[in-house]
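One file, my_file.tsv, is given below (TSV, C-alpha atoms and all ligand atoms).
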```tsv
chain	number	residue	atom	x	y	z
A	17	MET	CA	74.12	-25.51	-49.96
A	18	TYR	CA	72.56	-28.96	-49.99
A	19	THR	CA	74.11	-32.36	-50.50
A	20	GLN	CA	72.60	-33.59	-53.73
A	21	ALA	CA	73.32	-37.28	-53.97
A	22	LEU	CA	72.58	-38.66	-57.41
A	23	ASP	CA	70.01	-41.39	-57.24
A	24	SER	CA	70.95	-43.87	-59.96
A	25	PRO	CA	67.97	-46.11	-60.48
A	26	ALA	CA	68.45	-49.78	-61.19
A	27	PRO	CA	68.13	-50.57	-64.93
A	28	GLU	CA	64.59	-51.95	-64.58
A	29	ALA	CA	63.58	-48.74	-62.78
A	30	ARG	CA	64.66	-46.36	-65.53
A	31	PRO	CA	61.86	-44.24	-66.99
A	32	GLY	CA	60.77	-45.56	-70.33
A	33	SER	CA	61.79	-49.14	-69.59
A	34	SER	CA	59.00	-51.67	-69.29
A	35	GLY	CA	57.41	-51.27	-65.89
A	36	GLY	CA	59.79	-48.36	-65.29
A	37	GLN	CA	57.27	-46.06	-63.66
A	38	ALA	CA	55.92	-48.72	-61.31
A	39	ALA	CA	59.43	-49.78	-60.36
A	40	LEU	CA	60.46	-46.18	-59.64
A	41	GLU	CA	57.41	-45.69	-57.48
A	42	ARG	CA	58.06	-48.91	-55.59
A	43	ARG	CA	61.68	-47.96	-55.01
A	44	PHE	CA	60.63	-44.51	-53.79
A	45	GLU	CA	58.08	-45.99	-51.37
A	46	GLU	CA	60.70	-48.41	-50.05
A	47	ARG	CA	63.13	-45.57	-49.41
A	48	ILE	CA	60.41	-43.67	-47.53
A	49	GLU	CA	59.70	-46.83	-45.56
A	50	ARG	CA	63.39	-47.12	-44.62
A	51	ASP	CA	63.33	-43.48	-43.51
A	52	GLU	CA	65.92	-42.47	-46.10
A	53	LYS	CA	66.09	-38.84	-47.11
A	54	ILE	CA	64.91	-38.01	-50.61
A	55	GLU	CA	67.31	-35.56	-52.25
A	56	PRO	CA	66.67	-33.05	-55.08
A	57	LYS	CA	68.14	-35.17	-57.87
A	58	ASP	CA	66.43	-38.36	-56.75
A	59	TRP	CA	63.39	-39.61	-58.62
A	60	MET	CA	60.16	-38.69	-56.83
A	61	PRO	CA	56.46	-38.90	-57.78
A	62	ASP	CA	55.15	-35.66	-59.15
A	63	ALA	CA	52.47	-35.46	-56.45
A	64	TYR	CA	55.19	-35.67	-53.77
A	65	ARG	CA	57.11	-32.86	-55.49
A	66	GLN	CA	53.98	-30.69	-55.79
A	67	THR	CA	53.01	-31.29	-52.16
A	68	LEU	CA	56.44	-30.19	-51.02
A	69	ILE	CA	56.43	-27.11	-53.24
A	70	ARG	CA	53.02	-26.20	-51.83
A	71	GLN	CA	53.94	-26.69	-48.18
A	72	ILE	CA	57.47	-25.26	-48.31
A	73	SER	CA	56.43	-22.20	-50.27
A	74	GLN	CA	53.46	-21.52	-47.98
A	75	HIS	CA	55.87	-21.86	-45.11
A	76	ALA	CA	58.35	-19.44	-46.74
A	77	HIS	CA	55.61	-16.90	-47.43
A	78	SER	CA	54.47	-17.20	-43.80
A	79	GLU	CA	57.94	-16.30	-42.55
A	80	ILE	CA	58.15	-13.26	-44.82
A	81	VAL	CA	54.61	-11.99	-44.17
A	82	GLY	CA	55.20	-12.88	-40.51
A	83	MET	CA	57.83	-10.15	-40.34
A	84	LEU	CA	55.12	-7.51	-40.71
A	85	PRO	CA	53.09	-7.66	-37.46
A	86	GLU	CA	56.16	-7.51	-35.22
A	87	GLY	CA	58.13	-5.26	-37.58
A	88	ASN	CA	55.38	-2.78	-36.89
A	89	TRP	CA	56.70	-2.43	-33.30
A	90	ILE	CA	60.43	-1.98	-33.97
A	91	THR	CA	60.15	1.80	-33.84
A	92	ARG	CA	57.97	1.64	-30.72
A	93	ALA	CA	59.81	-0.96	-28.63
A	94	PRO	CA	59.91	0.25	-25.01
A	95	SER	CA	63.71	0.15	-24.59
A	96	LEU	CA	66.90	-0.07	-26.61
A	97	ARG	CA	67.38	-3.68	-25.48
A	98	ARG	CA	63.87	-4.66	-26.56
A	99	LYS	CA	64.39	-2.90	-29.88
A	100	ALA	CA	67.70	-4.70	-30.57
A	101	VAL	CA	66.19	-8.09	-29.71
A	102	LEU	CA	63.10	-7.46	-31.84
A	103	ILE	CA	65.17	-6.35	-34.84
A	104	ALA	CA	67.22	-9.55	-34.55
A	105	LYS	CA	64.08	-11.67	-34.33
A	106	VAL	CA	62.37	-10.09	-37.30
A	107	GLN	CA	65.59	-10.43	-39.29
A	108	ASP	CA	65.72	-14.13	-38.37
A	109	GLU	CA	62.24	-14.60	-39.82
A	110	GLY	CA	63.44	-13.06	-43.08
A	111	GLY	CA	66.34	-15.53	-43.04
A	112	HIS	CA	63.94	-18.43	-42.51
A	113	GLY	CA	61.99	-17.32	-45.56
A	114	MET	CA	65.22	-17.30	-47.59
A	115	TYR	CA	66.25	-20.85	-46.55
A	116	LEU	CA	62.76	-22.07	-47.32
A	117	TYR	CA	62.60	-20.45	-50.75
A	118	SER	CA	65.97	-22.09	-51.44
A	119	ALA	CA	64.63	-25.46	-50.34
A	120	ALA	CA	61.57	-25.00	-52.60
A	121	GLU	CA	63.83	-24.09	-55.51
A	122	THR	CA	65.60	-27.46	-55.26
A	123	LEU	CA	62.27	-28.94	-56.40
A	124	GLY	CA	62.51	-27.13	-59.72
A	125	ILE	CA	60.45	-23.99	-59.23
A	126	ALA	CA	61.85	-20.47	-59.49
A	127	ARG	CA	61.69	-18.16	-56.51
A	128	ALA	CA	60.33	-15.41	-58.76
A	129	GLU	CA	57.34	-17.63	-59.58
A	130	LEU	CA	56.68	-18.36	-55.92
A	131	LEU	CA	56.79	-14.67	-55.09
A	132	GLU	CA	54.43	-13.92	-57.95
A	133	GLN	CA	51.97	-16.45	-56.49
A	134	LEU	CA	52.16	-14.69	-53.14
A	135	LEU	CA	51.84	-11.18	-54.52
A	136	ASP	CA	48.90	-11.94	-56.80
A	137	GLY	CA	47.05	-13.65	-53.94
A	138	ARG	CA	47.16	-17.23	-55.28
A	139	ALA	CA	49.45	-18.61	-52.58
A	140	LYS	CA	48.50	-19.13	-48.97
A	141	TYR	CA	50.49	-18.05	-45.94
A	142	SER	CA	49.72	-18.74	-42.30
A	143	SER	CA	46.36	-17.44	-41.10
A	144	ILE	CA	47.99	-16.10	-37.93
A	145	PHE	CA	49.68	-13.19	-39.65
A	146	ASN	CA	46.37	-11.64	-40.64
A	147	TYR	CA	45.76	-10.36	-37.12
A	148	PRO	CA	46.87	-6.92	-35.94
A	149	THR	CA	49.45	-6.12	-33.26
A	150	LEU	CA	47.62	-3.51	-31.21
A	151	THR	CA	49.94	-3.15	-28.20
A	152	TRP	CA	53.50	-4.02	-27.15
A	153	ALA	CA	52.11	-7.06	-25.34
A	154	ASP	CA	51.20	-8.50	-28.75
A	155	VAL	CA	54.92	-8.77	-29.50
A	156	GLY	CA	55.25	-10.89	-26.35
A	157	ALA	CA	52.20	-12.96	-27.26
A	158	ILE	CA	53.50	-13.62	-30.78
A	159	GLY	CA	56.85	-14.85	-29.46
A	160	TRP	CA	55.27	-16.95	-26.75
A	161	LEU	CA	52.29	-18.38	-28.63
A	162	VAL	CA	52.98	-18.05	-32.35
A	163	ASP	CA	56.63	-19.05	-32.19
A	164	GLY	CA	55.67	-21.66	-29.59
A	165	ALA	CA	53.14	-23.14	-32.02
A	166	ALA	CA	55.63	-22.85	-34.88
A	167	ILE	CA	58.24	-24.86	-32.95
A	168	MET	CA	55.73	-27.56	-32.03
A	169	ASN	CA	54.82	-27.90	-35.70
A	170	GLN	CA	58.34	-27.60	-37.08
A	171	ILE	CA	60.48	-29.82	-34.83
A	172	PRO	CA	58.95	-32.92	-36.45
A	173	ILE	CA	59.70	-31.42	-39.87
A	174	CYS	CA	63.43	-31.77	-39.01
A	175	ARG	CA	62.69	-35.48	-39.69
A	176	CYS	CA	60.76	-34.82	-42.87
A	177	SER	CA	61.56	-37.20	-45.74
A	178	TYR	CA	62.77	-34.43	-48.05
A	179	GLY	CA	66.40	-33.67	-47.20
A	180	PRO	CA	66.66	-29.93	-47.97
A	181	TYR	CA	63.46	-29.13	-46.06
A	182	ALA	CA	64.51	-31.24	-43.07
A	183	ARG	CA	67.96	-29.64	-42.91
A	184	ALA	CA	66.64	-26.08	-43.27
A	185	MET	CA	64.32	-26.79	-40.36
A	186	VAL	CA	67.12	-27.64	-37.93
A	187	ARG	CA	68.50	-24.12	-37.84
A	188	ILE	CA	65.06	-22.55	-38.06
A	189	CYS	CA	63.90	-24.44	-34.97
A	190	LYS	CA	66.94	-23.32	-32.97
A	191	GLU	CA	66.13	-19.72	-33.79
A	192	GLU	CA	62.42	-20.16	-33.13
A	193	SER	CA	63.31	-21.46	-29.72
A	194	PHE	CA	65.08	-18.18	-28.90
A	195	HIS	CA	62.07	-16.31	-30.28
A	196	GLN	CA	59.69	-18.21	-28.05
A	197	ARG	CA	61.75	-17.42	-24.98
A	198	GLN	CA	62.02	-13.72	-25.79
A	199	GLY	CA	58.22	-13.60	-26.15
A	200	PHE	CA	57.66	-15.42	-22.89
A	201	GLU	CA	60.10	-13.07	-21.17
A	202	ILE	CA	58.14	-10.04	-22.41
A	203	MET	CA	54.93	-11.62	-21.10
A	204	LEU	CA	56.60	-12.37	-17.77
A	205	ALA	CA	57.79	-8.77	-17.40
A	206	LEU	CA	54.27	-7.49	-18.13
A	207	ALA	CA	52.60	-10.09	-15.90
A	208	ARG	CA	54.82	-9.02	-13.01
A	209	GLY	CA	54.37	-5.33	-13.80
A	210	THR	CA	51.65	-2.81	-12.96
A	211	GLY	CA	47.96	-3.63	-13.10
A	212	GLU	CA	47.79	-1.88	-16.44
A	213	GLN	CA	50.65	-4.00	-17.81
A	214	ARG	CA	49.02	-7.21	-16.57
A	215	ALA	CA	45.78	-6.17	-18.27
A	216	MET	CA	47.69	-5.57	-21.49
A	217	ALA	CA	49.24	-9.05	-21.30
A	218	GLN	CA	45.82	-10.62	-20.63
A	219	ASP	CA	44.26	-8.72	-23.52
A	220	ALA	CA	47.00	-9.93	-25.86
A	221	LEU	CA	46.45	-13.55	-24.71
A	222	ASN	CA	42.70	-13.11	-25.23
A	223	ARG	CA	43.20	-12.04	-28.83
A	224	TRP	CA	46.05	-14.42	-29.82
A	225	TRP	CA	44.98	-17.68	-28.14
A	226	TRP	CA	42.38	-18.93	-30.61
A	227	PRO	CA	44.23	-17.80	-33.76
A	228	SER	CA	47.33	-19.62	-32.42
A	229	ILE	CA	45.31	-22.80	-31.91
A	230	MET	CA	44.04	-22.47	-35.49
A	231	MET	CA	47.57	-22.13	-36.87
A	232	PHE	CA	47.87	-25.93	-36.77
A	233	GLY	CA	45.38	-26.14	-39.59
A	234	PRO	CA	41.93	-27.70	-39.97
A	235	SER	CA	40.89	-30.63	-37.80
A	236	ASP	CA	42.11	-34.05	-38.92
A	237	ALA	CA	38.59	-34.89	-40.02
A	238	THR	CA	38.62	-32.08	-42.58
A	239	SER	CA	42.33	-31.83	-43.45
A	240	THR	CA	42.87	-32.42	-47.17
A	241	HIS	CA	46.53	-33.36	-47.18
A	242	THR	CA	47.40	-34.90	-43.81
A	243	ALA	CA	46.87	-38.57	-44.62
A	244	GLN	CA	49.04	-38.56	-47.74
A	245	SER	CA	51.69	-36.29	-46.20
A	246	MET	CA	51.93	-38.65	-43.22
A	247	ARG	CA	52.39	-41.62	-45.59
A	248	TRP	CA	55.19	-39.74	-47.34
A	249	ARG	CA	56.66	-38.75	-43.95
A	250	ILE	CA	56.51	-35.08	-44.80
A	251	LYS	CA	54.27	-34.67	-41.77
A	252	ARG	CA	55.05	-36.82	-38.73
A	253	PHE	CA	52.02	-35.84	-36.65
A	254	THR	CA	48.53	-34.79	-37.60
A	255	ASN	CA	47.23	-31.25	-37.15
A	256	ASP	CA	45.13	-32.25	-34.12
A	257	GLU	CA	48.00	-34.13	-32.47
A	258	LEU	CA	50.29	-31.12	-32.71
A	259	ARG	CA	47.54	-28.76	-31.59
A	260	GLN	CA	46.98	-30.90	-28.50
A	261	LYS	CA	50.70	-31.01	-27.69
A	262	PHE	CA	50.81	-27.21	-27.92
A	263	ILE	CA	47.79	-26.78	-25.67
A	264	ASP	CA	49.22	-29.19	-23.08
A	265	VAL	CA	52.51	-27.32	-22.95
A	266	THR	CA	51.05	-23.82	-23.03
A	267	VAL	CA	48.23	-23.95	-20.48
A	268	PRO	CA	50.66	-24.44	-17.53
A	269	GLN	CA	52.78	-21.58	-18.88
A	270	ALA	CA	49.74	-19.29	-18.81
A	271	GLU	CA	49.10	-20.42	-15.23
A	272	PHE	CA	52.70	-19.59	-14.34
A	273	LEU	CA	52.20	-16.10	-15.80
A	274	GLY	CA	48.99	-15.72	-13.79
A	275	LEU	CA	47.01	-15.21	-17.00
A	276	LYS	CA	43.71	-16.80	-17.93
A	277	ILE	CA	43.23	-18.73	-21.15
A	278	PRO	CA	40.11	-17.23	-22.80
A	279	ASP	CA	38.17	-20.49	-22.90
A	280	PRO	CA	35.54	-21.11	-20.21
A	281	ALA	CA	35.28	-24.76	-21.28
A	282	LEU	CA	39.01	-25.49	-20.88
A	283	ARG	CA	39.61	-28.36	-18.47
A	284	ARG	CA	42.17	-31.01	-17.69
A	285	ASP	CA	40.96	-34.49	-18.43
A	286	GLU	CA	42.40	-36.77	-15.76
A	287	ILE	CA	41.99	-39.92	-17.83
A	288	SER	CA	43.78	-38.75	-20.98
A	289	GLN	CA	45.99	-36.29	-19.05
A	290	HIS	CA	45.25	-33.68	-21.70
A	291	TYR	CA	43.79	-30.20	-21.50
A	292	LEU	CA	40.55	-30.18	-23.47
A	293	THR	CA	39.38	-26.93	-25.03
A	294	GLY	CA	35.95	-25.73	-25.97
A	295	PRO	CA	34.92	-25.80	-29.66
A	296	ILE	CA	37.14	-24.00	-32.16
A	297	ASP	CA	35.37	-21.44	-34.31
A	298	TRP	CA	36.33	-22.80	-37.72
A	299	SER	CA	34.21	-20.19	-39.47
A	300	GLU	CA	36.76	-17.59	-38.37
A	301	PHE	CA	39.61	-19.73	-39.76
A	302	LYS	CA	37.79	-20.14	-43.07
A	303	ALA	CA	37.11	-16.43	-43.31
A	304	VAL	CA	40.80	-15.63	-42.78
A	305	LEU	CA	41.83	-18.20	-45.42
A	306	GLN	CA	39.36	-16.68	-47.84
A	307	GLY	CA	41.08	-13.31	-47.46
A	308	ASN	CA	38.62	-11.81	-44.99
A	309	GLY	CA	40.72	-11.66	-41.82
A	310	PRO	CA	41.34	-8.34	-40.09
A	311	CYS	CA	44.63	-7.64	-41.93
A	312	ASN	CA	44.70	-9.81	-45.08
A	313	HIS	CA	44.44	-6.85	-47.40
A	314	GLU	CA	47.04	-4.76	-45.58
A	315	ARG	CA	49.54	-7.60	-45.33
A	316	LEU	CA	49.47	-8.36	-49.04
A	317	GLN	CA	49.51	-4.69	-49.90
A	318	ALA	CA	52.58	-4.20	-47.69
A	319	ARG	CA	54.40	-7.02	-49.50
A	320	ARG	CA	53.44	-5.61	-52.91
A	321	THR	CA	54.61	-2.12	-51.95
A	322	ALA	CA	57.89	-3.49	-50.59
A	323	HIS	CA	58.40	-5.54	-53.74
A	324	GLU	CA	57.91	-2.46	-55.90
A	325	ALA	CA	60.17	-0.39	-53.65
A	326	GLY	CA	62.90	-2.99	-54.13
A	327	ARG	CA	62.64	-3.00	-57.92
A	328	TRP	CA	65.53	-0.58	-58.37
A	329	VAL	CA	67.76	-2.78	-56.22
A	330	ARG	CA	66.98	-5.81	-58.40
A	331	GLU	CA	67.60	-3.80	-61.56
A	332	ALA	CA	70.87	-2.37	-60.23
A	333	ALA	CA	72.06	-5.82	-59.15
A	334	ALA	CA	71.14	-7.28	-62.55
A	335	ALA	CA	73.00	-4.48	-64.35
A	336	TYR	CA	76.03	-5.00	-62.11
A	337	ALA	CA	75.99	-8.75	-62.74
A	338	ALA	CA	75.69	-8.25	-66.50
A	339	LYS	CA	78.56	-5.74	-66.50
A	340	HIS	CA	80.84	-8.02	-64.54
A	341	GLY	CA	79.84	-11.21	-66.36
A	342	GLY	CA	78.58	-12.60	-63.10
A	343	ARG	CA	75.67	-14.95	-62.51
A	344	GLY	CA	73.51	-13.51	-65.29
A	345	ALA	CA	70.93	-10.82	-65.47
A	346	GLN	CA	68.71	-12.02	-62.62
A	347	PRO	CA	70.85	-12.79	-59.57
A	348	ARG	CA	68.58	-14.54	-57.13
A	349	SER	CA	70.09	-13.22	-53.95
A	350	ALA	CA	69.58	-9.59	-54.84
A	351	ALA	CA	66.37	-10.09	-56.79
A	352	HIS	CA	64.41	-11.48	-53.89
A	353	ILE	CA	65.68	-9.84	-50.77
A	354	ALA	CA	62.76	-9.18	-48.45
A	355	SER	CA	62.72	-5.42	-48.70
A	356	PRO	CA	62.07	-3.22	-45.70
A	357	ARG	CA	58.53	-2.72	-44.63
A	358	ALA	CA	56.53	0.02	-46.20
A	359	GLU	CA	52.94	-0.75	-45.28
A	360	ALA	CA	49.67	0.62	-44.23
A	361	PRO	CA	49.34	0.18	-40.48
A	362	CYS	CA	46.40	-2.29	-40.43
A	363	HIS	CA	44.81	-0.46	-37.52
A	364	GLU	CA	47.86	-1.31	-35.41
B	1	LIG	N1	46.92	-20.84	-42.46
B	1	LIG	O1	45.21	-30.38	-45.40
B	1	LIG	P1	45.76	-29.32	-44.53
B	1	LIG	C1	55.79	-19.20	-38.24
B	1	LIG	C2	45.60	-24.67	-45.55
B	1	LIG	S1	55.68	-20.14	-39.68
B	1	LIG	C3	46.67	-20.82	-43.79
B	1	LIG	O2	45.80	-29.60	-43.08
B	1	LIG	P2	48.65	-29.34	-44.71
B	1	LIG	C4	57.12	-18.59	-37.95
B	1	LIG	C5	46.56	-25.65	-46.19
B	1	LIG	O3	47.66	-24.98	-46.73
B	1	LIG	C6	53.96	-20.60	-39.73
B	1	LIG	N2	46.37	-21.93	-44.49
B	1	LIG	O4	47.18	-28.87	-45.10
B	1	LIG	C7	56.95	-17.23	-37.45
B	1	LIG	C8	45.67	-26.29	-47.22
B	1	LIG	O5	45.48	-25.40	-48.31
B	1	LIG	P3	45.85	-25.78	-49.85
B	1	LIG	C9	53.71	-21.45	-40.91
B	1	LIG	C10	46.32	-23.08	-43.80
B	1	LIG	O6	49.59	-28.63	-45.59
B	1	LIG	C11	56.60	-16.99	-36.15
B	1	LIG	C12	44.34	-26.37	-46.49
B	1	LIG	O7	44.36	-25.37	-45.50
B	1	LIG	N3	54.16	-22.78	-40.65
B	1	LIG	O8	54.85	-19.08	-37.60
B	1	LIG	C13	46.58	-23.16	-42.44
B	1	LIG	O9	48.73	-30.82	-44.68
B	1	LIG	C14	56.44	-15.69	-35.68
B	1	LIG	C15	44.08	-27.74	-45.89
B	1	LIG	O10	44.93	-27.96	-44.75
B	1	LIG	C16	54.24	-23.70	-41.61
B	1	LIG	O11	53.95	-23.42	-42.76
B	1	LIG	C17	46.88	-21.98	-41.76
B	1	LIG	N4	47.14	-21.94	-40.43
B	1	LIG	O12	48.83	-28.83	-43.21
B	1	LIG	C18	57.19	-16.15	-38.31
B	1	LIG	C19	54.76	-25.06	-41.21
B	1	LIG	N5	46.44	-24.45	-42.06
B	1	LIG	O13	47.34	-25.79	-49.92
B	1	LIG	C20	57.03	-14.83	-37.84
B	1	LIG	C21	54.76	-26.04	-42.30
B	1	LIG	C22	46.10	-25.15	-43.15
B	1	LIG	O14	45.27	-27.13	-50.12
B	1	LIG	C23	56.66	-14.60	-36.51
B	1	LIG	N6	53.43	-26.37	-42.77
B	1	LIG	N7	46.00	-24.32	-44.20
B	1	LIG	O15	45.24	-24.69	-50.66
B	1	LIG	C24	52.66	-27.36	-42.24
B	1	LIG	O16	53.04	-28.01	-41.29
B	1	LIG	C25	51.34	-27.65	-42.89
B	1	LIG	O17	51.37	-27.07	-44.18
B	1	LIG	C26	50.12	-27.12	-42.08
B	1	LIG	C27	48.86	-27.45	-42.91
B	1	LIG	C28	50.03	-27.83	-40.77
B	1	LIG	C29	50.18	-25.62	-41.89
```

Kindly present the structure from the file in structure tokens form.
Ligand code: FAQ
Amino acid sequence: MYTQALDSPAPEARPGSSGGQAALERRFEERIERDEKIEPKDWMPDAYRQTLIRQISQHAHSEIVGMLPEGNWITRAPSLRRKAVLIAKVQDEGGHGMYLYSAAETLGIARAELLEQLLDGRAKYSSIFNYPTLTWADVGAIGWLVDGAAIMNQIPICRCSYGPYARAMVRICKEESFHQRQGFEIMLALARGTGEQRAMAQDALNRWWWPSIMMFGPSDATSTHTAQSMRWRIKRFTNDELRQKFIDVTVPQAEFLGLKIPDPALRRDEISQHYLTGPIDWSEFKAVLQGNGPCNHERLQARRTAHEAGRWVREAAAAYAAKHGGRGAQPRSAAHIASPRAEAPCHE
């Protein structure tokens, strides 16, 4: 799937040669400086590899867990058209997870190990997916706000220094853009609907606004990884920069919908030309990251149940592969398909 150019280091840069490590590091830094893509078979510092595995796998887990809140509404979509669109969207998110697991695998970690980290609670996934979808308007709010935030964060990752991650992100961003529009269109329909529908849209905005703002991660002052990831050009903007871009784009959209952002302190600063929000409640963010959000338990439980429900598929695929002398006893594609949802409803 990926172009894997062999990086043949100059003789003095070969591991084991005198000064080899330092020369390899220098060469790597120079390539980053020249904005070259680092490919899977190229030499890279272990910390760079580990940072990518961490970020890409958290991203992959987010896509897969992110199927759950909206998947919850497929059977209750208000029309056949809405249902078809929602099925396609949720399926896209599953696809994004698959590309991202593939990209992580190019760094030398097995998908099974990444899934184990998710299922036993060691791995993080985006805080946003630990909130419940209480009404149909939440499906609109997720598309509009959550996919909107995801695009803002992910477009710069198309220029990330690691080739497979950057390339995976190109297609993902195109699909996220469709997702954002379908969400906005749902919100528009509700905002132009009956008083009850408008109230539903407003309620969804009230509940999803702050969690969407928090999706961008901790403030720059407290972010652990931003400085190094910016140096390595994995991240191109800081968490606060992206958060601000999202706020600036989204506030006028809420105005267009005739909805009110749930922040009494929100104001436009004429000097900086930015919308400034009131303080973010980071204690809520921390609680969600520590597993104490409204749906953390249900989300993980749903993934564990689905994984168990898919066991027979993995076993059947492995037996088939062994019988036909195929790719071995553990074919990846069948072993790690995101199985259909079988979850507790998380008060949704
Ligand atoms: N939730 O030092 P930083 C989507 C963790 S996909 C949970 O700032 P970094 C599509 C962070 O991992 C949404 N944990 O870290 C969709 C780190 O923990 P660690 C996911 C968070 O990596 C839409 C610690 O806090 N998108 O929505 C969060 O430099 C609709 C310190 O943070 C991506 O993954 C959080 N919100 O920056 C699907 C994009 N924020 O590892 C379905 C790629 C931070 O030290 C429906 N990822 N943490 O234990 C990134 O851009 C970055 O990883 C950030 C975090 C910006 C998320």

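The two atoms in question, atom CA of A:Pro94 and atom CA of A:Gln317, are spaced 27.4 Å apart.
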
Surrounding residues as a compact mmCIF listing (two decimals) with C-alpha atoms, in the frame of the given file, ligand LIG 1 (chain B), max 7 Å, only C-alpha atoms and all ligand atoms:
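Written output follows (result.txt):
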```
# COMPACT_ATOMS: atom_id res chain seq x y z
CA ARG A 70 53.02 -26.20 -51.83
CA GLN A 71 53.94 -26.69 -48.18
CA ILE A 72 57.47 -25.26 -48.31
CA GLN A 74 53.46 -21.52 -47.98
CA HIS A 75 55.87 -21.86 -45.11
CA SER A 78 54.47 -17.20 -43.80
CA GLU A 79 57.94 -16.30 -42.55
CA GLY A 82 55.20 -12.88 -40.51
CA MET A 83 57.83 -10.15 -40.34
CA GLU A 109 62.24 -14.60 -39.82
CA LYS A 140 48.50 -19.13 -48.97
CA TYR A 141 50.49 -18.05 -45.94
CA SER A 142 49.72 -18.74 -42.30
CA SER A 143 46.36 -17.44 -41.10
CA ILE A 144 47.99 -16.10 -37.93
CA ILE A 158 53.50 -13.62 -30.78
CA GLY A 159 56.85 -14.85 -29.46
CA VAL A 162 52.98 -18.05 -32.35
CA ASP A 163 56.63 -19.05 -32.19
CA ALA A 166 55.63 -22.85 -34.88
CA ASN A 169 54.82 -27.90 -35.70
CA GLN A 170 58.34 -27.60 -37.08
CA MET A 230 44.04 -22.47 -35.49
CA MET A 231 47.57 -22.13 -36.87
CA PHE A 232 47.87 -25.93 -36.77
CA GLY A 233 45.38 -26.14 -39.59
CA PRO A 234 41.93 -27.70 -39.97
CA SER A 239 42.33 -31.83 -43.45
CA THR A 240 42.87 -32.42 -47.17
CA HIS A 241 46.53 -33.36 -47.18
CA THR A 242 47.40 -34.90 -43.81
CA SER A 245 51.69 -36.29 -46.20
CA LYS A 251 54.27 -34.67 -41.77
CA ASN A 255 47.23 -31.25 -37.15
CA LEU A 305 41.83 -18.20 -45.42
```

*Measuring atom to atom with all atoms listed in the file, identify which of A:Ile173, A:Ala126, A:Ala104, A:Ala333 is nearest to A:Arg249.*
A:Ile173

Neighbours of stretch 213-222 of chain A within 7 Å (all atoms listed in the file; same-chain residues fewer than 2 positions away dropped), as a compact mmCIF listing (two decimals) with C-alpha atoms, in the frame of the given file?
```txt
# COMPACT_ATOMS: atom_id res chain seq x y z
CA ALA A 153 52.11 -7.06 -25.34
CA ASP A 154 51.20 -8.50 -28.75
CA ALA A 157 52.20 -12.96 -27.26
CA MET A 203 54.93 -11.62 -21.10
CA LEU A 206 54.27 -7.49 -18.13
CA ALA A 207 52.60 -10.09 -15.90
CA GLY A 209 54.37 -5.33 -13.80
CA THR A 210 51.65 -2.81 -12.96
CA GLY A 211 47.96 -3.63 -13.10
CA TRP A 224 46.05 -14.42 -29.82
CA TRP A 225 44.98 -17.68 -28.14
CA LEU A 275 47.01 -15.21 -17.00
CA ILE A 277 43.23 -18.73 -21.15
CA PRO A 278 40.11 -17.23 -22.80
```

*Quick one: everything within 10 Å of A:Glu45, counting all atoms listed in the file, minus sequence neighbours fewer than 4 positions away in the same chain. Send it as a list in words.*
Ala39, Leu40, Glu41, Glu49, Arg50, Asp51, Met60, Pro61, Arg247 and Trp248 of chain A

*Write out as a list in words which residues come within 10 Å of A:Gln244 when counting all atoms listed in the file, dropping same-chain ones fewer than 6 positions away.*
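Once the nearby chain positions are removed, what remains is Ala63, Tyr64, Thr67, Ile250 and Lys251 of chain A.
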
Can you spit out the residues from that selection as a compact mmCIF listing (two decimals), in the coordinates of the input, using C-alpha atoms?
```
# COMPACT_ATOMS: atom_id res chain seq x y z
CA ALA A 63 52.47 -35.46 -56.45
CA TYR A 64 55.19 -35.67 -53.77
CA THR A 67 53.01 -31.29 -52.16
CA ILE A 250 56.51 -35.08 -44.80
CA LYS A 251 54.27 -34.67 -41.77
```

_For a test of reading the model, state the distance in Å between atom CA of A:Asp58 and atom CA of A:Met168, rounded to one decimal._
29.0 Å

_Using only C-alpha atoms, can you tell me which of A:Arg283, A:Arg175, A:Arg187, A:Arg330 comes closest to A:Phe253?_
A:Arg175
